[in-house]
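Chemist: Got final_22.csv for you, CSV, C-alpha atoms and all ligand atoms:
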chain,number,residue,atom,x,y,z
A,200,MET,CA,-4.4,-1.7,-7.6
A,201,PRO,CA,-5.0,1.7,-5.9
A,202,ILE,CA,-3.2,4.8,-7.2
A,203,ILE,CA,-3.3,7.7,-4.7
A,204,LYS,CA,-2.7,11.0,-6.4
A,205,LEU,CA,-1.6,13.9,-4.3
A,206,ASP,CA,-1.0,17.5,-5.3
A,207,ALA,CA,1.8,17.9,-2.8
A,208,ILE,CA,3.3,15.9,0.1
A,209,ASP,CA,6.6,16.0,1.9
A,210,SER,CA,7.7,12.6,0.5
A,211,THR,CA,5.7,9.8,-1.1
A,212,ASN,CA,7.9,7.2,0.6
A,213,ARG,CA,7.2,8.7,4.0
A,214,TYR,CA,3.4,8.9,3.2
A,215,LEU,CA,3.3,5.3,2.1
A,216,ARG,CA,5.3,4.1,5.1
A,217,LYS,CA,2.8,6.0,7.4
A,218,LEU,CA,-0.1,4.4,5.6
A,219,THR,CA,1.3,0.9,6.2
A,220,ASN,CA,1.3,1.7,9.9
A,221,GLU,CA,-2.4,2.8,9.8
A,222,GLU,CA,-4.1,0.3,7.5
A,223,VAL,CA,-3.7,-2.9,5.4
A,224,VAL,CA,-2.1,-1.7,2.1
A,225,LYS,CA,-2.7,-3.6,-1.1
A,226,ASP,CA,0.1,-5.0,-3.2
A,227,TYR,CA,1.3,-2.4,-5.7
A,228,THR,CA,-0.5,0.5,-4.1
A,229,THR,CA,1.0,3.6,-5.6
A,230,VAL,CA,1.3,7.1,-4.2
A,231,VAL,CA,2.2,9.8,-6.8
A,232,THR,CA,2.5,13.5,-6.3
A,233,LYS,CA,3.1,16.6,-8.4
A,234,HIS,CA,5.3,18.1,-5.8
A,235,GLN,CA,7.5,16.8,-3.0
A,236,THR,CA,8.4,19.4,-0.4
A,237,ASN,CA,11.0,17.1,1.3
A,238,GLY,CA,11.9,14.4,-1.2
A,239,ARG,CA,14.4,11.9,0.1
A,240,GLY,CA,17.4,10.5,-1.8
A,241,GLN,CA,19.8,7.7,-1.0
A,242,MET,CA,22.2,8.0,2.0
A,243,GLY,CA,20.3,10.8,3.6
A,244,THR,CA,20.4,13.1,0.5
A,245,ILE,CA,17.6,15.3,-0.7
A,246,TRP,CA,15.7,14.6,-4.0
A,247,ASN,CA,14.7,17.8,-5.7
A,248,SER,CA,12.3,17.7,-8.7
A,249,GLU,CA,10.5,20.5,-10.5
A,250,SER,CA,6.8,20.6,-9.7
A,251,SER,CA,4.5,18.8,-12.2
A,252,LYS,CA,7.3,18.0,-14.7
A,253,ASN,CA,8.6,14.7,-13.4
A,254,LEU,CA,7.4,11.5,-11.8
A,255,THR,CA,7.9,11.2,-8.0
A,256,PHE,CA,6.1,8.2,-6.7
A,257,SER,CA,6.3,5.2,-4.4
A,258,VAL,CA,5.0,1.7,-4.8
A,259,PHE,CA,4.1,-0.7,-2.0
A,260,LYS,CA,5.3,-4.2,-2.8
A,261,ASP,CA,4.1,-7.0,-0.6
A,262,VAL,CA,6.7,-9.7,-0.3
A,263,SER,CA,5.4,-11.4,2.8
A,264,LYS,CA,4.6,-14.6,1.0
A,265,GLN,CA,8.2,-14.9,-0.4
A,266,HIS,CA,11.4,-15.6,1.5
A,267,ILE,CA,13.6,-12.7,0.4
A,268,GLU,CA,17.1,-13.9,1.3
A,269,TYR,CA,18.9,-11.2,-0.5
A,270,PRO,CA,17.1,-7.8,-0.4
A,271,PHE,CA,19.3,-6.6,-3.2
A,272,TYR,CA,17.1,-8.5,-5.7
A,273,ILE,CA,14.4,-6.0,-4.9
A,274,SER,CA,16.8,-3.4,-6.2
A,275,ILE,CA,17.6,-5.5,-9.3
A,276,ALA,CA,13.9,-6.1,-10.2
A,277,THR,CA,13.2,-2.4,-9.8
A,278,SER,CA,16.2,-1.2,-11.9
A,279,LEU,CA,15.3,-3.7,-14.7
A,280,ALA,CA,11.7,-2.5,-14.7
A,281,LEU,CA,12.9,1.0,-15.2
A,282,ILE,CA,15.4,0.0,-17.9
A,283,LYS,CA,12.7,-1.9,-19.8
A,284,SER,CA,10.2,1.0,-19.5
A,285,LEU,CA,12.7,3.5,-20.8
A,286,GLN,CA,13.7,1.2,-23.7
A,287,SER,CA,10.0,1.2,-24.7
A,288,PHE,CA,10.3,5.0,-25.0
A,289,SER,CA,13.5,4.6,-27.1
A,290,ILE,CA,15.7,6.4,-24.5
A,291,PRO,CA,19.3,5.8,-25.6
A,292,LYS,CA,22.3,4.1,-24.0
A,293,LEU,CA,20.7,3.0,-20.7
A,294,SER,CA,22.8,1.7,-17.8
A,295,VAL,CA,22.5,1.1,-14.1
A,296,LYS,CA,25.1,2.9,-11.9
A,297,TRP,CA,25.4,0.6,-9.0
A,298,PRO,CA,23.4,0.1,-6.9
A,299,ASN,CA,20.4,1.6,-8.7
A,300,ASP,CA,20.8,4.9,-10.4
A,301,ILE,CA,19.4,4.8,-13.9
A,302,LEU,CA,21.5,6.6,-16.5
A,303,SER,CA,21.1,7.4,-20.1
A,304,GLU,CA,24.2,8.5,-22.1
A,305,ASP,CA,26.0,8.5,-18.7
A,306,LYS,CA,23.6,11.0,-17.2
A,307,LYS,CA,21.3,10.3,-14.3
A,308,ILE,CA,17.6,10.3,-15.2
A,309,CYS,CA,16.2,8.3,-12.4
A,310,GLY,CA,16.9,7.7,-8.7
A,311,ILE,CA,15.5,4.8,-6.6
A,312,LEU,CA,15.0,4.7,-2.8
A,313,ILE,CA,14.0,1.4,-1.5
A,314,GLU,CA,12.9,1.1,2.2
A,315,ASN,CA,12.1,-2.3,3.5
A,316,VAL,CA,9.4,-3.1,6.1
A,317,ILE,CA,10.9,-5.7,8.4
A,318,LYS,CA,8.9,-7.8,10.8
A,319,GLN,CA,10.5,-10.4,13.0
A,320,SER,CA,13.7,-10.0,11.1
A,321,HIS,CA,12.0,-10.8,7.7
A,322,ILE,CA,11.2,-8.4,4.9
A,323,THR,CA,7.5,-8.3,4.6
A,324,ALA,CA,7.2,-5.4,2.1
A,325,SER,CA,9.2,-2.8,0.3
A,326,ILE,CA,8.4,0.8,-0.3
A,327,ILE,CA,9.9,1.5,-3.7
A,328,GLY,CA,10.4,5.3,-4.2
A,329,ILE,CA,11.1,6.4,-7.8
A,330,GLY,CA,12.1,9.8,-9.0
A,331,LEU,CA,12.1,9.9,-12.8
A,332,ASN,CA,13.1,13.0,-14.6
A,333,ILE,CA,10.7,13.5,-17.5
A,334,ASN,CA,9.9,16.9,-18.8
A,335,GLN,CA,12.3,19.0,-16.8
A,336,THR,CA,15.0,20.7,-19.0
A,337,GLN,CA,17.1,22.6,-16.5
A,338,PHE,CA,19.1,21.0,-13.7
A,339,GLU,CA,21.0,23.8,-12.0
A,340,GLY,CA,24.1,22.7,-10.2
A,341,LEU,CA,23.6,19.1,-11.4
A,342,PRO,CA,25.8,18.7,-14.5
A,343,LYS,CA,25.3,14.9,-14.5
A,344,ALA,CA,21.5,15.0,-14.5
A,345,SER,CA,19.2,14.7,-17.5
A,346,SER,CA,15.6,13.9,-18.4
A,347,LEU,CA,13.6,12.0,-21.0
A,348,LYS,CA,12.8,15.3,-22.7
A,349,LEU,CA,16.4,16.4,-22.9
A,350,LEU,CA,17.4,13.0,-24.3
A,351,SER,CA,14.6,12.6,-26.8
A,352,GLY,CA,13.2,16.1,-27.6
A,353,ARG,CA,9.7,14.8,-26.8
A,354,THR,CA,7.3,15.9,-24.1
A,355,PHE,CA,5.8,13.0,-22.2
A,356,TYR,CA,2.5,12.3,-20.5
A,357,LEU,CA,3.4,11.5,-16.9
A,358,ASP,CA,0.5,9.1,-16.5
A,359,GLU,CA,1.5,7.1,-19.5
A,360,VAL,CA,5.0,6.7,-18.3
A,361,LEU,CA,3.7,5.7,-14.8
A,362,ASP,CA,1.5,3.0,-16.3
A,363,VAL,CA,4.4,1.5,-18.2
A,364,VAL,CA,6.7,1.5,-15.2
A,365,LEU,CA,4.0,-0.1,-13.0
A,366,LYS,CA,3.4,-2.8,-15.6
A,367,ASN,CA,7.2,-3.6,-15.8
A,368,LEU,CA,7.5,-3.6,-12.0
A,369,LYS,CA,4.9,-6.3,-12.0
A,370,TYR,CA,6.7,-8.2,-14.7
A,371,TYR,CA,10.0,-8.2,-12.9
A,372,PHE,CA,8.5,-8.9,-9.4
A,373,ASN,CA,6.8,-11.9,-10.9
A,374,ILE,CA,10.2,-13.2,-12.1
A,375,LEU,CA,11.5,-12.5,-8.5
A,376,LYS,CA,8.6,-14.5,-7.2
A,377,SER,CA,9.5,-17.4,-9.5
A,378,GLN,CA,13.0,-17.3,-7.8
A,379,ASP,CA,14.8,-17.0,-11.1
A,380,TYR,CA,17.6,-15.2,-9.3
A,381,SER,CA,20.5,-16.0,-11.7
A,382,ASN,CA,18.7,-14.6,-14.8
A,383,LEU,CA,17.7,-11.4,-12.9
A,384,LYS,CA,21.3,-10.9,-11.8
A,385,ARG,CA,22.7,-11.6,-15.2
A,386,GLU,CA,20.3,-9.2,-16.9
A,387,TYR,CA,21.2,-6.5,-14.3
A,388,GLU,CA,24.9,-7.0,-14.9
A,389,MET,CA,24.4,-6.5,-18.6
A,390,TYR,CA,23.5,-2.9,-17.9
A,391,LEU,CA,26.1,-2.2,-15.2
A,392,PHE,CA,27.6,1.2,-15.7
A,393,ARG,CA,31.4,1.1,-16.5
A,394,LYS,CA,31.5,-2.6,-16.4
A,395,ASN,CA,35.0,-3.9,-17.5
A,396,LYS,CA,36.2,-0.3,-18.0
A,397,PRO,CA,39.0,1.3,-16.0
A,398,SER,CA,37.4,3.4,-13.3
A,399,THR,CA,38.5,5.5,-10.3
A,400,PHE,CA,37.0,5.0,-6.9
A,401,LYS,CA,37.2,6.5,-3.4
A,402,ASP,CA,37.0,4.3,-0.4
A,403,ALA,CA,35.6,5.1,3.1
A,404,GLU,CA,39.0,6.4,4.3
A,405,GLY,CA,39.1,8.8,1.3
A,406,CYS,CA,41.8,6.8,-0.6
A,407,VAL,CA,41.5,7.0,-4.4
A,408,PHE,CA,42.2,3.9,-6.3
A,409,SER,CA,41.4,2.4,-9.7
A,410,GLY,CA,39.9,-0.9,-10.8
A,411,PHE,CA,37.5,-2.5,-13.2
A,412,ILE,CA,33.8,-3.1,-12.2
A,413,LYS,CA,33.2,-6.8,-12.8
A,414,ASN,CA,29.8,-7.7,-11.4
A,415,VAL,CA,27.8,-7.8,-8.1
A,416,SER,CA,27.6,-10.4,-5.4
A,417,VAL,CA,24.2,-11.9,-4.4
A,418,SER,CA,24.1,-9.6,-1.4
A,419,GLY,CA,24.6,-6.6,-3.7
A,420,ASN,CA,28.2,-5.8,-3.1
A,421,LEU,CA,30.1,-4.3,-6.0
A,422,ARG,CA,33.0,-6.6,-7.2
A,423,VAL,CA,36.0,-4.7,-8.5
A,424,LEU,CA,39.1,-6.1,-10.2
A,425,LEU,CA,42.2,-4.5,-8.6
A,426,GLU,CA,45.9,-4.9,-9.3
A,427,ASP,CA,47.4,-8.4,-9.3
A,428,GLU,CA,44.1,-10.0,-10.4
A,429,ILE,CA,42.5,-9.5,-7.0
A,430,ILE,CA,38.7,-9.1,-6.9
A,431,LYS,CA,37.5,-7.2,-3.9
A,432,GLU,CA,33.8,-6.7,-2.8
A,433,TYR,CA,32.6,-3.3,-1.7
A,434,ASP,CA,29.5,-2.3,0.2
A,435,LEU,CA,27.6,0.9,-0.7
A,436,LYS,CA,29.0,2.8,2.3
A,437,ASP,CA,32.6,1.8,1.5
A,438,ILE,CA,33.0,3.0,-2.0
A,439,THR,CA,32.2,5.9,-4.4
A,440,LEU,CA,32.7,5.7,-8.1
A,441,LEU,CA,34.4,9.0,-9.1
A,442,TYR,CA,34.6,8.4,-12.9
B,501,LIG,C1,18.5,8.8,-5.1
B,501,LIG,O1,19.1,9.4,-4.3
B,501,LIG,O2,18.9,8.6,-6.2
B,501,LIG,C2,17.1,8.3,-4.8
B,501,LIG,C3,16.0,9.3,-5.1
B,501,LIG,C4,14.6,8.7,-4.9
B,501,LIG,C5,13.6,9.8,-5.0
B,501,LIG,C6,12.2,9.3,-4.9
B,501,LIG,S1,11.0,10.5,-5.4
B,501,LIG,C7,9.7,9.5,-4.8
B,501,LIG,C8,10.2,8.9,-3.6
B,501,LIG,N1,9.9,9.7,-2.4
B,501,LIG,C9,11.0,10.2,-1.8
B,501,LIG,O3,11.1,10.9,-0.9
B,501,LIG,N2,12.1,9.7,-2.5
B,501,LIG,C10,11.7,8.8,-3.6
Please, can you express the file's structure as structure tokens?
Ligand code: BTN

Modeler:
Amino acid sequence: MPIIKLDAIDSTNRYLRKLTNEEVVKDYTTVVTKHQTNGRGQMGTIWNSESSKNLTFSVFKDVSKQHIEYPFYISIATSLALIKSLQSFSIPKLSVKWPNDILSEDKKICGILIENVIKQSHITASIIGIGLNINQTQFEGLPKASSLKLLSGRTFYLDEVLDVVLKNLKYYFNILKSQDYSNLKREYEMYLFRKNKPSTFKDAEGCVFSGFIKNVSVSGNLRVLLEDEIIKEYDLKDITLLY
């Protein structure tokens, strides 16, 4: 599987997307860079990462031979691959903040941006962008961010971590291919941040309310237990977890 290493690029997701428009890209083709000049985060945010200290990479996953009914399972497989990788480096107290922020000791260490390639209303491929904080130790203005080094005291080889993540992506995407959806969802829910704990949310209208995160729906909505035993489903754009 090709690994394209770049010194600097605006965004590895954007680079890989452009490549798919220009040539046939092999499954698991990976683009990794030391420095992103315009890294992209979820919901139109910016992903900043100190040059050469962290992993910023994107993986092309061909799913054209599969019928992906629920795209959220791509997010589940990716999140689990990261959790399994980080466990192998003994990173403590890992969780997934819905939909796919990876936390350790309640601090964000990894962000995932998945962009699907859709042809004739079917997902044919996904561009899986991963920003994993590794050896960076200062996160100015980001009190909820951390890195593997801050959590473990160790300095990591970026290539070694990348190898492990790619191996685990293959492992979980093979499970997805075998259509073992219920086990994937069950495993994901095991790591759900603040599951069954009282939490405060803000809805799209700015109203603050509390509830208990229970699980996720097959389409990836967050299911929250509210007053009077009512469980309500929320889409990503409809809810923010405050604490
Ligand atoms: C988030 O907002 O949490 C998602 C961040 C995703 C960042 C990664 S870094 C590599 C890839 N290229 C991008 O431009 N973004 C993703």

Chemist: Please provide as a PyMOL selection string all residues within 7 Å of segment 379-390 of chain A, with the sequence filter that same-chain residues fewer than 5 positions apart are discarded (counting all atoms listed in the file).

Modeler: chain A and resi 275+279+294-295+374+414

Chemist: Neighbouring residues of ligand LIG 501 (chain B) are defined here as those with any atom at most 10 Å from a ligand atom, counting only C-alpha atoms and all ligand atoms; list them as a ChimeraX atom specification.

Modeler: /A:208-215,230-232,234-248,253-258,298-301,307-314,326-332

Chemist: So that I can check the surroundings of Lys260 of chain A, please list as a list in words every protein, DNA and RNA residue that reaches within 9 Å of it, counting only C-alpha atoms and ignoring chain neighbours fewer than 5 positions away.

Modeler: Lys225, Asp226, Tyr227, Thr228, Thr323, Ala324, Ser325, Ile326, Ile327 and Phe372 of chain A

Chemist: Do you know which residues are at most 12 Å from Cys406 of chain A counting only C-alpha atoms, after dropping those on the same chain fewer than 6 positions away, and could you put them as a compact mmCIF listing (two decimals) with C-alpha atoms, in the frame of the given file?

Modeler:
# COMPACT_ATOMS: atom_id res chain seq x y z
CA THR A 399 38.50 5.50 -10.30
CA PHE A 400 37.00 5.00 -6.90
CA ASP A 437 32.60 1.80 1.50
CA ILE A 438 33.00 3.00 -2.00
CA THR A 439 32.20 5.90 -4.40
CA LEU A 440 32.70 5.70 -8.10
CA LEU A 441 34.40 9.00 -9.10

Chemist: Using all atoms listed in the file, which protein or nucleic acid residues come within 10 Å of segment 424-432 of chain A? Drop anything in the same chain fewer than 3 positions from it, and give the result as a list in words.

Modeler: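 Here the qualifying residues turn out to be Asn395, Pro397, Phe408, Ser409, Gly410, Phe411, Ile412, Lys413, Asn414, Val415, Ser416, Gly419, Asn420, Leu421, Asp437 and Ile438 of chain A.
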
Chemist: Report, in Å with one decimal, the straight-line distance from atom CA of Ile333 of chain A to atom CA of Ser346 of chain A.

Modeler: 5.0 Å

Chemist: So, counting only C-alpha atoms, which residue among A:Asn367, A:Gln337, A:Thr219, A:Ser351 is closest to Ser278 of chain A?

Modeler: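 Closest to Ser278 of chain A, using only C-alpha atoms: A:Asn367.
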
Chemist: Hey, which of A:Leu205, A:Leu347, A:Val262, A:Ala276 ends up closest to Leu302 of chain A? Count only C-alpha atoms.

Modeler: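 Going through A:Leu205, A:Leu347, A:Val262, A:Ala276 one by one, the smallest distance to Leu302 of chain A is for A:Leu347.
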
Chemist: Work out how far atom CA of Val316 of chain A is from atom CA of Val364 of chain A, in Å to one decimal.

Modeler: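 Going from atom CA of Val364 of chain A over to atom CA of Val316 of chain A covers 22.0 Å.
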
Chemist: Would you mind reading off the distance between atom CA of Glu339 of chain A and atom CA of Lys233 of chain A, one decimal, in Å?

Modeler: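 Computing the Euclidean distance for atom CA of Glu339 of chain A and atom CA of Lys233 of chain A yields 19.6 Å.
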
Chemist: Kindly indicate which residue among A:Gln335, A:Gln286, A:Ser251, A:Tyr269 lies nearest to Arg353 of chain A, using all atoms listed in the file for the distances.

Modeler: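 Nearest to Arg353 of chain A: A:Gln335.
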
Chemist: Between A:Glu249, A:Asp434, A:Gly340, A:Lys306, which is the closest to Leu293 of chain A once you count only C-alpha atoms?

Modeler: A:Lys306

Chemist: So, counting all atoms listed in the file, which residue among A:Val423, A:Val417, A:Val223, A:Leu349 is closest to Phe259 of chain A?

Modeler: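 For Phe259 of chain A, the nearest of the candidates is A:Val223.
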
Chemist: Using all atoms listed in the file, pick whichever of A:Val363, A:Val407, A:Met200, A:Ala344 has the shortest atom-to-atom distance to Ile282 of chain A.

Modeler: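 Closest to Ile282 of chain A of all the choices is A:Val363.
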
Chemist: Please, can segment 319-336 of chain A be completed to N, CA, C and O atoms and returned as an mmCIF file, keeping the file's coordinate frame?

Modeler:
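Saved as rebuild01.cif:
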data_model
loop_
_atom_site.group_PDB
_atom_site.id
_atom_site.type_symbol
_atom_site.label_atom_id
_atom_site.label_comp_id
_atom_site.auth_asym_id
_atom_site.auth_seq_id
_atom_site.Cartn_x
_atom_site.Cartn_y
_atom_site.Cartn_z
ATOM 1 N N GLN A 319 9.786 -9.253 12.500
ATOM 2 C CA GLN A 319 10.500 -10.400 13.000
ATOM 3 C C GLN A 319 11.663 -10.852 12.164
ATOM 4 O O GLN A 319 11.777 -11.991 11.731
ATOM 5 N N SER A 320 12.473 -9.905 11.881
ATOM 6 C CA SER A 320 13.700 -10.000 11.100
ATOM 7 C C SER A 320 13.471 -10.549 9.637
ATOM 8 O O SER A 320 14.400 -11.061 9.004
ATOM 9 N N HIS A 321 12.250 -10.441 9.124
ATOM 10 C CA HIS A 321 12.000 -10.800 7.700
ATOM 11 C C HIS A 321 11.424 -9.585 6.990
ATOM 12 O O HIS A 321 10.637 -8.832 7.553
ATOM 13 N N ILE A 322 11.815 -9.461 5.725
ATOM 14 C CA ILE A 322 11.200 -8.400 4.900
ATOM 15 C C ILE A 322 9.839 -8.791 4.519
ATOM 16 O O ILE A 322 9.644 -9.829 3.874
ATOM 17 N N THR A 323 8.859 -8.010 4.925
ATOM 18 C CA THR A 323 7.500 -8.300 4.600
ATOM 19 C C THR A 323 7.002 -7.482 3.385
ATOM 20 O O THR A 323 6.089 -7.862 2.668
ATOM 21 N N ALA A 324 7.610 -6.329 3.228
ATOM 22 C CA ALA A 324 7.200 -5.400 2.100
ATOM 23 C C ALA A 324 8.329 -4.458 1.838
ATOM 24 O O ALA A 324 9.221 -4.261 2.662
ATOM 25 N N SER A 325 8.230 -3.869 0.654
ATOM 26 C CA SER A 325 9.200 -2.800 0.300
ATOM 27 C C SER A 325 8.422 -1.579 -0.151
ATOM 28 O O SER A 325 7.396 -1.708 -0.827
ATOM 29 N N ILE A 326 8.934 -0.448 0.230
ATOM 30 C CA ILE A 326 8.400 0.800 -0.300
ATOM 31 C C ILE A 326 9.429 1.277 -1.317
ATOM 32 O O ILE A 326 10.578 1.581 -0.976
ATOM 33 N N ILE A 327 8.987 1.244 -2.560
ATOM 34 C CA ILE A 327 9.900 1.500 -3.700
ATOM 35 C C ILE A 327 9.652 2.955 -4.145
ATOM 36 O O ILE A 327 8.617 3.233 -4.761
ATOM 37 N N GLY A 328 10.571 3.846 -3.821
ATOM 38 C CA GLY A 328 10.400 5.300 -4.200
ATOM 39 C C GLY A 328 11.189 5.519 -5.500
ATOM 40 O O GLY A 328 12.364 5.148 -5.616
ATOM 41 N N ILE A 329 10.504 6.138 -6.447
ATOM 42 C CA ILE A 329 11.100 6.400 -7.800
ATOM 43 C C ILE A 329 10.991 7.859 -8.136
ATOM 44 O O ILE A 329 9.888 8.423 -8.102
ATOM 45 N N GLY A 330 12.116 8.459 -8.465
ATOM 46 C CA GLY A 330 12.100 9.800 -9.000
ATOM 47 C C GLY A 330 12.631 9.757 -10.406
ATOM 48 O O GLY A 330 13.807 9.435 -10.629
ATOM 49 N N LEU A 331 11.741 10.007 -11.362
ATOM 50 C CA LEU A 331 12.100 9.900 -12.800
ATOM 51 C C LEU A 331 11.980 11.223 -13.455
ATOM 52 O O LEU A 331 10.894 11.820 -13.472
ATOM 53 N N ASN A 332 13.120 11.714 -13.963
ATOM 54 C CA ASN A 332 13.100 13.000 -14.600
ATOM 55 C C ASN A 332 12.509 12.920 -15.993
ATOM 56 O O ASN A 332 13.053 12.238 -16.860
ATOM 57 N N ILE A 333 11.417 13.645 -16.198
ATOM 58 C CA ILE A 333 10.700 13.500 -17.500
ATOM 59 C C ILE A 333 10.742 14.724 -18.343
ATOM 60 O O ILE A 333 11.442 14.762 -19.343
ATOM 61 N N ASN A 334 9.998 15.750 -17.945
ATOM 62 C CA ASN A 334 9.900 16.900 -18.800
ATOM 63 C C ASN A 334 10.723 18.121 -18.336
ATOM 64 O O ASN A 334 10.659 19.201 -18.922
ATOM 65 N N GLN A 335 11.471 17.947 -17.263
ATOM 66 C CA GLN A 335 12.300 19.000 -16.800
ATOM 67 C C GLN A 335 13.521 19.212 -17.693
ATOM 68 O O GLN A 335 14.114 18.221 -18.120
ATOM 69 N N THR A 336 13.857 20.462 -18.008
ATOM 70 C CA THR A 336 15.000 20.700 -19.000
ATOM 71 C C THR A 336 16.157 21.413 -18.340
ATOM 72 O O THR A 336 17.184 21.570 -18.982
#
